[in-house]
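Note sheet for the following structure.
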Amino acid sequence: MPETEKNNSHPRGFAGLLKAAADAPLIIPILAILTAMIIGGVIIALVGGNPFAAYIGLFQGSFGSLKAISETAVWATPYILAGLAVSLAFKGGLFNIGAEGQLALGAVMAAWIGYALPDMLGVSLPKVVHLTLSVGLGMLTGALWAAIPGWLKAYTGGHEVINTIMMNYIALNLTSFLLNGPMKDPNPLNVSARTPEIAPSARLSPLFEGLRVHWGFIIALLIAVLVWWLLWKTTLGFEIRTVGANPDGAKYAGINVKRTIVLTMALSGLLAGMAGTIEVTGLNYRHELGFSIGYGFDAIAIALLGKTHPAGVVLASILFAAMRNGGTRMQFLTQIPVDIISVIQALILLFVAADAIIRYVYRIRGSEEKLVLTRGWGG
Amino acid sequence: MDWKRFGFIALIIAVLFTIVVLIGGKSQPAILIISSMLGTTIAVATPLTLGALSGIYCERSGVVNIGIEGMMLAAAFFGWLGAIYMSSIFGFQALPSLLVGLLIAMLTGGLFAALHALLSVTFKVDQIIGGTVINILAVGVTGFLNRQLFFEKGSIFGGQVPHGPGTFTTIYIPIDKAVNGLCGLLGSDCSVAAKAASDVLSQKPIAMAAVLLVVVSHYILFNTRWGLRTRAVGEHPKAADTVGINVTFMRYANVIIGGALAGLGGAYMTLESIASFEPLMTNGRGFIALAAMIFGNWTPFGAWSAALVFGASQAFQIKLQLFRELIPAQWSFLQNAYVVGMVPYLLTMLILTGIIGKNIPPAADGVAYEK
Amino acid sequence: MTENNLVLQAKGITKKFPGVLANDHVDFDLRAGEIHALLGENGAGKSTLMNILYGLYNQDEGEIFINGKPINISTPNDAIGHGIGMVHQHFMLIPVFTVAENIMLGAETLHREKEAKSPLVKLDRREVAQRIKELSQQYGLDINPNAIVGELPVGIQQRVEIIKALYRNANILILDEPSAVLTPQEVEDLFRIMRELTRRGVSIIFITHKLKEVLAVTDRITVMRSGRVVGSADPKQTNQQELASMMVGREVLLRVKKEASNPGEDVLQVDNLHVRDLRNLDVVSGVSFDVRKGEVLGIAGVQGNGQTELVEALTGLRPTKEGRVTLAGKDVTGKPPRTITEAGLAHIPEDRQRHGLVLSYPVADNMILNTYYLSPFAKGITIQQKAVDDQAQRLIKNFDVRTPSAYVTASKLSGGNQQKVIVARELSRKINLLIANQPTRGLDVGSIEYIHKEIISLRDQGVGVLLVSAELDEIMALSDRIAVMYRGKVVAIVAADKVSRDQLGLWMAGSNPD
């Protein structure tokens with residue numbers, strides 16, 4: 001029975017992935033996107049807009065020019081990293097809704113190192129040292145922030161879904177406190193809650209003169225490869241995936257389940273924190289309150305759309321980035337609020353999560369292995 | 001719920017109240033501080049109580065619902081929108097407008113819940129993912145319509161938010177008159193006690209309904225056929241199936257009931273608490289409600305008492321702002337709204353650690369039923 | 001017997017599942033007041049047929065008659081309405097409910113003159129309890145309606161199931177593998193109840209794969225194999241051997257061939273072991289025994305007497321409260337699973353899908369589940385895919401695992417082949433001790449024979465084996481010595497050839513050894 005064998009085979013490596021992509025799994029996400037766009041178009045028409053004009057504006061704004069493409073890449077950068085963060089946690093059986101808070105605190109730390117460290121030390125630092133410290137400590141902050149709900153999950157049973165959300169709100173209060181208080185930009189003209197600008201030695205360079213796309217995008221792509229390698233080619237990845245797929249089996253196999261849970265959350269937070277630090281060092285050059293609102297839920301949607309696979313996450317991130325980026329031009333051209341993008345994205349997620357709907361509507365037979373991601377309160 | 005948990009809850013509430021009394025005691029009689037805090041506690045616990053009850057109906061029937069946050073948000077928006085339409089476009093009086101808004105809010109909650117039931121019961125989607133979809137969808141839809149209807153030129157409301165019908169008013173319970181009258185007969189003055197009693201008891205309608213629903217839900221869950229079957233479906237759906245109970249129907253019905261209750265909680269935010277809508281205004285309360293449900297071991301009274309803890313922490317926040325000037329210098333961190341604002345979230349994490357005994361969910365909670 | 005005596009008839013029942021023909025034109029009937037055995041292996045289609053009669057599945061073809069009239073059963077409610085009751089192999093009871101709540105569920109107002117329709121009707125717990133008392137006196141089934149079901153012994157839970165059916169006025173009772181979880185004495189008690197029920201006009205369908213019981217209690221026997229009825233027999237005129245070959249379709253060895261054992265020094269010593277459960281109660285209290293090289297020590301006992309917890313403690317899956325465990329001279333008390341595995345333990349876990357496998361992983365990854373970090377499967381922190389693949393191919397061949405390839409997920413394999421994956425993985429290492437917990441539960445006869453042979457050959461190579469099984473026949477067939485567990489204690493340890501089945505049964509039921 002060669003046919004079933006082919007369908008059942010486990011994707012191994014990039015070759016396997018390409019084969020799998022060519023086989024069929026991509027058909028569901030593509031149809032999900034298409035269906036969501038159609039419904040979004042109906043909504044636009046209902047509120048009196050022209051969906052075709054809107055989608056043309058969306059495309060122009062995202063891929064219509066070099067600058068548009070550059071901006072899409074700029075949007076995609078934190079999406080890729082945060083999407084990888086959520087995916088990695090999913091692989092370990094954990095639902096990290098807290099990417100937003102981890103990202104925000106990572107950014108706070110990166111900004112603080114970026115603007116305050118040279119003054120504190122009284123010397124100007126070489127770029128390689130300063131930038132590394134800024135990004136590294138920012139990542140570490142995200143990791144520690146995420147390790148707390150991980151620890152609570154492993155050792156007290158407190159569910160990470162609620163705890164990571166609570167920690168988002170705590171992080172929001174904390175950053176509000178810091179950016180309105182001790183870390184507020186002292187410039188007398190400043191009225192917003194933001195830090196001073198970071199030193200040039202803590203900045204990632206742009207990729208091309210005159211465009212905003214920066215090295216962070218390349219780094220994010222490399223990290224995607226690294227995460228893939230970690231998950232499928234190392235013993236640690238084997239442990240993370242085993243704990244995620246069957247914690248009792250993992251315990252039987254001699255894996256330290258509790259430690260792996262904490263570690264998985266920490267790694268997830270590390271990636272989310274990196275998303276924050278890259279935004280600060282590569283793009284904004286400071287932390288301004290609220291820049292990251294919505295990234296957490298977008299990252300979840302991206303992880304699910306990308307089926308928690310790094311390659312899928314990259315593709316989903318570029319799609320979401322294009323929609324967010326193009327949305328501004330769409331709003332400018334057609335007066336359709338950019339928030340319609342959130343509706344379309346929610347619909348995409350709905351159809352990806354409930355692929356049975358898509359299968360029913362488009363009469364697609366067969367079912368792949370169900371993606372088991374989370375567990376109830378009991379665990 | 002056991003007495004240990006109720007004791008723990010009473011302890012936290014007592015600590016929060018004591019701090020405020022210690023700070024504000026110089027400017028007001030302690031009894032008035034406590035009674036007014038108690039009144040605020042009950043009022044602000046309303047959406048949490050309703051959210052927790054919503055969770056109880058869903059999860060007792062075996063469906064995990066983390067979409068309560070989104071259901072509340074959508075209900076808050078559509079209920080408010082309905083009330084505004086009624087009053088500013090159809091010219092209705094305030095009360096009928098608000099009542100229509102209330103109805104729309106509950107329907108909205110029920111509708112989003114029906115979607116959740118479709119995803120988790122019929123399509124057997126991972127229920128936590130399904131709930132997340134609901135949350136993201138609610139944020140998207142409310143954000144889009146809010147801007148489209150109110151802030152775009154050429155939109156129905158012409159680019160500005162019209163005057164709505166306001167909020168529900170407090171239902172005055174003449175307990176103070178009764179107390180005063182009684183004291184008058186005895187020849188003593190107890191106007192302070194009378195005011196205190198009135199502070200606690202006179203609430204707005206949704207807050208009162210929430211308390212009533214706690215009692216009603218307890219009765220339904222533990223003393224009626226509906227409750228027995230709901231719990232059976234959440235514990236062991238196959239066993240229920242073998243005695244002829246329709247598992248799918250029970251789950252749909254309970255999830256939709258839960259959605260309507262979450263909708264009522266949303267209505268509290270825009271029709272009872274304040275008369276406006278802001279994107280993301282639920283602020284995690286749907287999730288705190290879930291924590292209250294878990295800490296209350298999936299029982300209405302337990303969940304309500306846990307919701308009161310969060311209510312108390314908000315009352316604590318409000319009162320501290322009021323007594324800002326009186327806060328001693330060494331406690332100055334209590335003046336910072338952001339610092340005090342973390343308290344409810346920290347409390348949530350604390351009670352989820354299971355420091356007061358294990359929380360045991362219904363056995364089939366979150367598991368789709370496969371025949 | 002005339003047609004009129006048939007209370008139930010099923011004609012030409014056919015049911016297909018994806019890839020399986022579970023029932024292939026099955027005919028079956030039941031006479032008034034008889035006990036009719038339906039005999040067959042796991043997977044023969046007995047449960048499918050019964051689930052169709054009870055309305056849990058709907059047949060693709062075929063007709064059902066009650067008292068000669070054709071009826072349509074599409075839900076359990078229909079079956080209940082026609083007087084059919086069923087006691088499932090895995091009890092359909094809600095552990096946190098009381099006995100009364102479990103019995104009234106779905107028939108909450110049956111005790112009233114007029115049944116109420118309102119969903120918000122109040123539960124009459126007291127009236128229901130009264131009616132349960134009446135029923136239990138009438139049929140000699142002593143039960144307390146207010147007890148919490150989860151706290152009752154399995155034998156009593158089974159009574160609750162039977163009363164649940166009687167409460168709904170069932171006169172046809174389906175008992176699905178009712179003796180699987182009972183002690184020999186409890187089984188006797190069940191048979192007494194069954195006879196009492198038939199005396200009062202209840203007709204019983206008795207599903208089982210145990211030959212002795214069929215001969216002991218039934219009036220008629222029908223045998224199923226691979227979805228078909230392959231024959232019927234009169235219990236007075238047949239014997240175990242004949243029934244067994246009908247059931248399996250070929251001659252089977254009822255005994256495992258083995259030489260006398262040649263035990264060496266101790267490989268496992270357990271000394272005064274205490275283990276607690278979640279509620280912090282002793283579930284294993286002061287257990288001591290040892291296993292020698294080259295012998296099989298069988299642990300007999302009714303399920304739920306601490307065997308599961310004992311094995312989990314020995315393999316590091318559960319913390320120990322007190323006591324000492326020594327494996328091959330190393331103290332491994334309270335050590336994590338990896339340390340114990342590295343000391344030479346192989347473990348065939350009780351719940352193969354929960355502990356033994358990662359069902360969503362390919363067979364190959366399951367073959368290295370607990371050795372993935374060792375050479376040659378890992379070099380430093382990287383997994384060596386080539387070595388993993390080679391190992392998988394080798395084990396699939398050596399252990400005759402029937403799988404399309406090494407890369408299909410374990411969930412796609414049959415129960416027997418899943419178990420073979422575990423056996424292959426565990427026996428592919430150099431080991432001192434094998435702990436096998438219910439190694440053949442739910443498997444077909446072929447796989448059972450295979451696993452029994454592996455266990456004996458391992459013993460003959462000088463490995464110690466600790467075998468835990470609820471099947472007394474399995475324990476008696478394989479063990480050199482037998483320990484009996486009752487309520488968390490080892491109540492007896494004896495040489496296997498010096499003890500009778502009846503004696504073991506008495507110990508399993510808690511009567512003290514002389």
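Identifiers in this document derive from the order of the structure tokens: chains are assigned A, B, ..., residues are numbered from 1 separately in each chain, and ligands are numbered from 1 in order of occurrence.
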
Please list as a list in words every residue within 12 Å of C:Pro153, counting only C-alpha atoms and excluding residues in the same chain fewer than 5 positions away.
Pro95, Ile143, Ala147, Ile148, Gln158, Arg159, Val160, Val181, Leu182, Thr183, Glu186, Val302, Gln303, Gly304, Asn305, Arg487 and Ala509 of chain C

Show me, as a Markdown table, the residues of chain C having an atom within 12 Å of chain B, each with the closest atom pair and its distance in Å, using only C-alpha atoms.
```
| residue | atom | partner | partner_atom | distance |
| --- | --- | --- | --- | --- |
| C:Asn51 | CA | B:Thr242 | CA | 9.7 |
| C:Ile52 | CA | B:Thr242 | CA | 11.9 |
| C:Leu53 | CA | B:Thr242 | CA | 12.0 |
| C:Tyr54 | CA | B:Thr242 | CA | 8.2 |
| C:Gly55 | CA | B:Thr242 | CA | 8.5 |
| C:Leu56 | CA | B:Thr242 | CA | 7.2 |
| C:Tyr57 | CA | B:Lys371 | CA | 8.6 |
| C:Asn58 | CA | B:Lys371 | CA | 11.6 |
| C:Ile73 | CA | B:Gly244 | CA | 11.9 |
| C:Ser74 | CA | B:Gly244 | CA | 10.7 |
| C:Thr75 | CA | B:Gly244 | CA | 6.9 |
| C:Pro76 | CA | B:Gly244 | CA | 5.2 |
| C:Asn77 | CA | B:Gly244 | CA | 4.7 |
| C:Asp78 | CA | B:Gly244 | CA | 8.4 |
| C:Ala79 | CA | B:Gly244 | CA | 9.2 |
| C:Ile80 | CA | B:Val243 | CA | 7.9 |
| C:Gly81 | CA | B:Gly244 | CA | 10.1 |
| C:Ile84 | CA | B:Val243 | CA | 11.2 |
| C:Gly85 | CA | B:Val243 | CA | 9.4 |
| C:Met86 | CA | B:Thr242 | CA | 8.7 |
| C:Val87 | CA | B:Thr242 | CA | 10.0 |
| C:His88 | CA | B:Thr242 | CA | 9.4 |
| C:Gln89 | CA | B:Ala239 | CA | 12.0 |
| C:His90 | CA | B:Ala239 | CA | 9.8 |
| C:Phe91 | CA | B:Ala239 | CA | 8.0 |
| C:Met92 | CA | B:Ala239 | CA | 4.3 |
| C:Leu93 | CA | B:Ala239 | CA | 6.1 |
| C:Ile94 | CA | B:His236 | CA | 6.2 |
| C:Pro95 | CA | B:Glu235 | CA | 8.5 |
| C:Val96 | CA | B:Glu235 | CA | 8.2 |
| C:Phe97 | CA | B:Ala232 | CA | 8.5 |
| C:Thr98 | CA | B:Leu228 | CA | 11.2 |
| C:Ala100 | CA | B:Leu228 | CA | 11.5 |
| C:Glu101 | CA | B:Leu228 | CA | 7.8 |
| C:Asn102 | CA | B:Ala232 | CA | 8.8 |
| C:Ile103 | CA | B:Val243 | CA | 9.5 |
| C:Met104 | CA | B:Leu228 | CA | 9.4 |
| C:Leu105 | CA | B:Arg229 | CA | 6.9 |
| C:Gly106 | CA | B:Val243 | CA | 5.5 |
| C:Ala107 | CA | B:Val243 | CA | 8.0 |
| C:Glu108 | CA | B:Arg225 | CA | 6.6 |
| C:Thr109 | CA | B:Arg225 | CA | 8.8 |
| C:Leu110 | CA | B:Arg225 | CA | 11.9 |
| C:Ala116 | CA | B:Arg225 | CA | 10.0 |
| C:Lys117 | CA | B:Arg225 | CA | 9.7 |
| C:Ser118 | CA | B:Arg225 | CA | 8.3 |
| C:Pro119 | CA | B:Trp226 | CA | 5.1 |
| C:Leu120 | CA | B:Thr224 | CA | 5.2 |
| C:Val121 | CA | B:Thr224 | CA | 5.4 |
| C:Lys122 | CA | B:Thr224 | CA | 4.5 |
| C:Leu123 | CA | B:Thr224 | CA | 5.3 |
| C:Asp124 | CA | B:Asn223 | CA | 8.8 |
| C:Arg125 | CA | B:Asn223 | CA | 9.1 |
| C:Glu161 | CA | B:Ala239 | CA | 10.8 |
| C:Lys164 | CA | B:Val243 | CA | 9.4 |
| C:Ala165 | CA | B:Val243 | CA | 9.4 |
| C:Tyr167 | CA | B:Val243 | CA | 11.6 |
| C:Arg168 | CA | B:Val243 | CA | 9.7 |
| C:Leu278 | CA | B:Lys358 | CA | 10.0 |
| C:Arg279 | CA | B:Lys358 | CA | 10.3 |
```

Using only C-alpha atoms, find the residues of chain B whose closest atom to chain A is at most 6 Å away, then write them as a list in words.
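Close enough to count are Val125, Val133, Ile136, Leu137, Gly140, Val141, Phe144, Tyr338, Met342, Tyr345, Met349, Leu352, Thr353 and Gly366 of chain B.
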
Dump as a JSON list (two decimals), in the first residue's frame, selection limited to N, CA and C atoms:
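Here's the written file result_39.json:
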```
[["chain", "number", "residue", "atom", "x", "y", "z"],
["B", 125, "VAL", "N", -12.34, 20.64, 17.51],
["B", 125, "VAL", "CA", -11.12, 21.44, 17.51],
["B", 125, "VAL", "C", -10.58, 21.49, 18.94],
["B", 133, "VAL", "N", -9.43, 31.46, 19.24],
["B", 133, "VAL", "CA", -10.02, 31.98, 18.01],
["B", 133, "VAL", "C", -11.14, 32.96, 18.35],
["B", 136, "ILE", "N", -9.64, 36.27, 19.56],
["B", 136, "ILE", "CA", -9.04, 37.08, 18.50],
["B", 136, "ILE", "C", -10.13, 37.65, 17.60],
["B", 137, "LEU", "N", -11.13, 36.82, 17.32],
["B", 137, "LEU", "CA", -12.24, 37.27, 16.48],
["B", 137, "LEU", "C", -12.97, 38.44, 17.13],
["B", 140, "GLY", "N", -10.98, 41.61, 16.83],
["B", 140, "GLY", "CA", -11.00, 42.10, 15.45],
["B", 140, "GLY", "C", -12.33, 42.74, 15.10],
["B", 141, "VAL", "N", -13.42, 42.03, 15.39],
["B", 141, "VAL", "CA", -14.73, 42.51, 14.99],
["B", 141, "VAL", "C", -15.10, 43.80, 15.73],
["B", 144, "PHE", "N", -12.87, 46.74, 14.52],
["B", 144, "PHE", "CA", -13.25, 47.17, 13.17],
["B", 144, "PHE", "C", -14.54, 47.96, 13.19],
["B", 338, "TYR", "N", 0.07, 51.93, 38.88],
["B", 338, "TYR", "CA", 0.56, 50.75, 38.13],
["B", 338, "TYR", "C", 0.96, 49.63, 39.08],
["B", 342, "MET", "N", -1.22, 45.78, 39.70],
["B", 342, "MET", "CA", -0.77, 44.41, 39.49],
["B", 342, "MET", "C", -1.44, 43.43, 40.46],
["B", 345, "TYR", "N", -3.83, 40.58, 39.33],
["B", 345, "TYR", "CA", -3.16, 39.58, 38.48],
["B", 345, "TYR", "C", -2.24, 38.69, 39.31],
["B", 349, "MET", "N", -2.49, 34.51, 40.04],
["B", 349, "MET", "CA", -1.42, 33.52, 39.92],
["B", 349, "MET", "C", -1.23, 32.78, 41.25],
["B", 352, "LEU", "N", -3.85, 30.10, 41.80],
["B", 352, "LEU", "CA", -3.74, 28.97, 40.87],
["B", 352, "LEU", "C", -2.63, 28.01, 41.24],
["B", 353, "THR", "N", -1.77, 28.40, 42.19],
["B", 353, "THR", "CA", -0.68, 27.51, 42.55],
["B", 353, "THR", "C", -1.19, 26.31, 43.34],
["B", 366, "GLY", "N", -12.66, 19.44, 28.55],
["B", 366, "GLY", "CA", -11.72, 19.71, 27.46],
["B", 366, "GLY", "C", -11.54, 18.56, 26.49]]
```

List as a list in words the protein and nucleic acid residues near stretch 193-199 of chain B, meaning an atom at most 9 Å away when only C-alpha atoms are counted, but skip any in the same chain fewer than 5 places from it.
Ile31, Leu32, Ile33, Ile34, Ser35, Ser36, Met37, Leu38, Gly39, Thr40, Tyr172, Ile173, Pro174, Ile175, Asp176, Lys177, Ala178, Val179 and Asn180 of chain B

Output of the above residues as an mmCIF file, in the first residue's frame, restricted to N, CA and C atoms:
```cif
data_model
loop_
_atom_site.group_PDB
_atom_site.id
_atom_site.type_symbol
_atom_site.label_atom_id
_atom_site.label_comp_id
_atom_site.auth_asym_id
_atom_site.auth_seq_id
_atom_site.Cartn_x
_atom_site.Cartn_y
_atom_site.Cartn_z
ATOM 1 N N ILE B 31 -16.435 51.871 59.714
ATOM 2 C CA ILE B 31 -17.588 51.096 59.233
ATOM 3 C C ILE B 31 -18.043 51.581 57.866
ATOM 4 N N LEU B 32 -17.905 52.890 57.630
ATOM 5 C CA LEU B 32 -18.321 53.407 56.329
ATOM 6 C C LEU B 32 -17.325 53.025 55.248
ATOM 7 N N ILE B 33 -16.025 53.026 55.607
ATOM 8 C CA ILE B 33 -15.019 52.581 54.633
ATOM 9 C C ILE B 33 -15.304 51.137 54.244
ATOM 10 N N ILE B 34 -15.535 50.322 55.267
ATOM 11 C CA ILE B 34 -15.743 48.894 54.999
ATOM 12 C C ILE B 34 -17.011 48.674 54.196
ATOM 13 N N SER B 35 -18.086 49.352 54.581
ATOM 14 C CA SER B 35 -19.339 49.094 53.872
ATOM 15 C C SER B 35 -19.248 49.598 52.440
ATOM 16 N N SER B 36 -18.602 50.735 52.250
ATOM 17 C CA SER B 36 -18.523 51.221 50.878
ATOM 18 C C SER B 36 -17.593 50.329 50.057
ATOM 19 N N MET B 37 -16.513 49.828 50.694
ATOM 20 C CA MET B 37 -15.647 48.880 49.970
ATOM 21 C C MET B 37 -16.389 47.596 49.634
ATOM 22 N N LEU B 38 -17.221 47.177 50.591
ATOM 23 C CA LEU B 38 -17.984 45.947 50.369
ATOM 24 C C LEU B 38 -18.947 46.131 49.193
ATOM 25 N N GLY B 39 -19.593 47.296 49.179
ATOM 26 C CA GLY B 39 -20.502 47.602 48.065
ATOM 27 C C GLY B 39 -19.749 47.586 46.746
ATOM 28 N N THR B 40 -18.582 48.261 46.716
ATOM 29 C CA THR B 40 -17.779 48.288 45.491
ATOM 30 C C THR B 40 -17.323 46.882 45.117
ATOM 31 N N TYR B 172 -32.478 51.351 44.597
ATOM 32 C CA TYR B 172 -32.366 51.762 45.999
ATOM 33 C C TYR B 172 -33.179 50.817 46.878
ATOM 34 N N ILE B 173 -32.507 50.247 47.839
ATOM 35 C CA ILE B 173 -33.224 49.381 48.779
ATOM 36 C C ILE B 173 -33.338 50.131 50.099
ATOM 37 N N PRO B 174 -34.558 50.370 50.550
ATOM 38 C CA PRO B 174 -34.742 51.292 51.694
ATOM 39 C C PRO B 174 -34.357 50.659 53.020
ATOM 40 N N ILE B 175 -33.221 50.008 53.024
ATOM 41 C CA ILE B 175 -32.786 49.376 54.268
ATOM 42 C C ILE B 175 -32.421 50.433 55.297
ATOM 43 N N ASP B 176 -31.852 51.591 54.798
ATOM 44 C CA ASP B 176 -31.444 52.625 55.756
ATOM 45 C C ASP B 176 -32.654 53.189 56.494
ATOM 46 N N LYS B 177 -33.771 53.367 55.757
ATOM 47 C CA LYS B 177 -34.994 53.851 56.398
ATOM 48 C C LYS B 177 -35.450 52.861 57.464
ATOM 49 N N ALA B 178 -35.393 51.581 57.099
ATOM 50 C CA ALA B 178 -35.832 50.550 58.041
ATOM 51 C C ALA B 178 -34.974 50.570 59.296
ATOM 52 N N VAL B 179 -33.639 50.633 59.084
ATOM 53 C CA VAL B 179 -32.737 50.640 60.244
ATOM 54 C C VAL B 179 -32.988 51.872 61.092
ATOM 55 N N ASN B 180 -33.056 53.031 60.423
ATOM 56 C CA ASN B 180 -33.291 54.267 61.164
ATOM 57 C C ASN B 180 -34.591 54.219 61.946
#
```

Any chance you could list, as a VMD selection string, the residues in stretch 39-211 of chain A that come up alpha helix (DSSP H) when DSSP is run on the backbone?
chain A and resid 39 to 46 51 to 63 66 to 91 99 to 121 127 to 156 160 to 180

Stretch 210-226 of chain C environment, 6 Å, only C-alpha atoms, sequence neighbours closer than 3 positions dropped, as a VMD selection string:
chain C and resid 35 to 40 44 229 to 235 240

Chain C residues near chain A within 10 Å, closest pair each, using only C-alpha atoms, as a Markdown table:
```
| residue | atom | partner | partner_atom | distance |
| --- | --- | --- | --- | --- |
| C:Glu312 | CA | A:Tyr252 | CA | 9.5 |
| C:Thr315 | CA | A:Tyr252 | CA | 8.3 |
| C:Gly316 | CA | A:Tyr252 | CA | 8.3 |
| C:Leu317 | CA | A:Tyr252 | CA | 6.7 |
| C:Pro336 | CA | A:Gly254 | CA | 7.0 |
| C:Pro337 | CA | A:Gly254 | CA | 4.9 |
| C:Arg338 | CA | A:Gly254 | CA | 4.2 |
| C:Thr339 | CA | A:Gly254 | CA | 7.9 |
| C:Ile340 | CA | A:Gly254 | CA | 9.0 |
| C:Thr341 | CA | A:Gly254 | CA | 7.9 |
| C:Glu342 | CA | A:Gly254 | CA | 9.7 |
| C:His347 | CA | A:Tyr252 | CA | 9.0 |
| C:Pro349 | CA | A:Tyr252 | CA | 8.8 |
| C:Asp351 | CA | A:Gly249 | CA | 10.0 |
| C:Arg352 | CA | A:Gly249 | CA | 9.0 |
| C:Gln353 | CA | A:Gly249 | CA | 8.2 |
| C:Arg354 | CA | A:Gly249 | CA | 6.1 |
| C:His355 | CA | A:Gly249 | CA | 4.1 |
| C:Gly356 | CA | A:Gly249 | CA | 5.9 |
| C:Leu357 | CA | A:Gly249 | CA | 6.0 |
| C:Val358 | CA | A:Asn246 | CA | 5.9 |
| C:Leu359 | CA | A:Ala245 | CA | 8.1 |
| C:Ser360 | CA | A:Ala245 | CA | 6.9 |
| C:Tyr361 | CA | A:His10 | CA | 8.2 |
| C:Pro362 | CA | A:His10 | CA | 6.8 |
| C:Asp365 | CA | A:Phe238 | CA | 9.2 |
| C:Asn366 | CA | A:Ala253 | CA | 9.8 |
| C:Ile368 | CA | A:Ala253 | CA | 9.1 |
| C:Leu369 | CA | A:Ala253 | CA | 5.8 |
| C:Asn370 | CA | A:Ala253 | CA | 4.3 |
| C:Thr371 | CA | A:Ala253 | CA | 7.9 |
| C:Tyr372 | CA | A:Thr235 | CA | 7.0 |
| C:Tyr373 | CA | A:Thr235 | CA | 6.1 |
| C:Leu374 | CA | A:Thr235 | CA | 9.6 |
| C:Phe377 | CA | A:Thr235 | CA | 9.4 |
| C:Ala378 | CA | A:Thr235 | CA | 7.2 |
| C:Lys379 | CA | A:Thr234 | CA | 9.2 |
| C:Gly380 | CA | A:Thr235 | CA | 8.6 |
| C:Ile381 | CA | A:Thr234 | CA | 5.3 |
| C:Thr382 | CA | A:Thr234 | CA | 4.1 |
| C:Ile383 | CA | A:Thr234 | CA | 5.2 |
| C:Gln384 | CA | A:Lys233 | CA | 7.9 |
| C:Gln385 | CA | A:Lys233 | CA | 8.2 |
| C:Thr403 | CA | A:Glu5 | CA | 9.9 |
| C:Pro404 | CA | A:Glu5 | CA | 6.6 |
| C:Ser405 | CA | A:Glu5 | CA | 7.3 |
| C:Ala406 | CA | A:Ser9 | CA | 8.8 |
| C:Tyr407 | CA | A:Ser9 | CA | 5.4 |
| C:Val408 | CA | A:Ser9 | CA | 5.4 |
| C:Thr409 | CA | A:Asn8 | CA | 7.1 |
| C:Ser411 | CA | A:Glu369 | CA | 9.8 |
| C:Lys412 | CA | A:Asn8 | CA | 8.9 |
```

Contacts of stretch 255-261 of chain C at 10 Å or less, counting only C-alpha atoms, minus same-chain residues fewer than 5 places along, as an NGL selection string?
:C and (293-296 or 449 or 452-453 or 456-457 or 459-460 or 462 or 473-474 or 476-480)
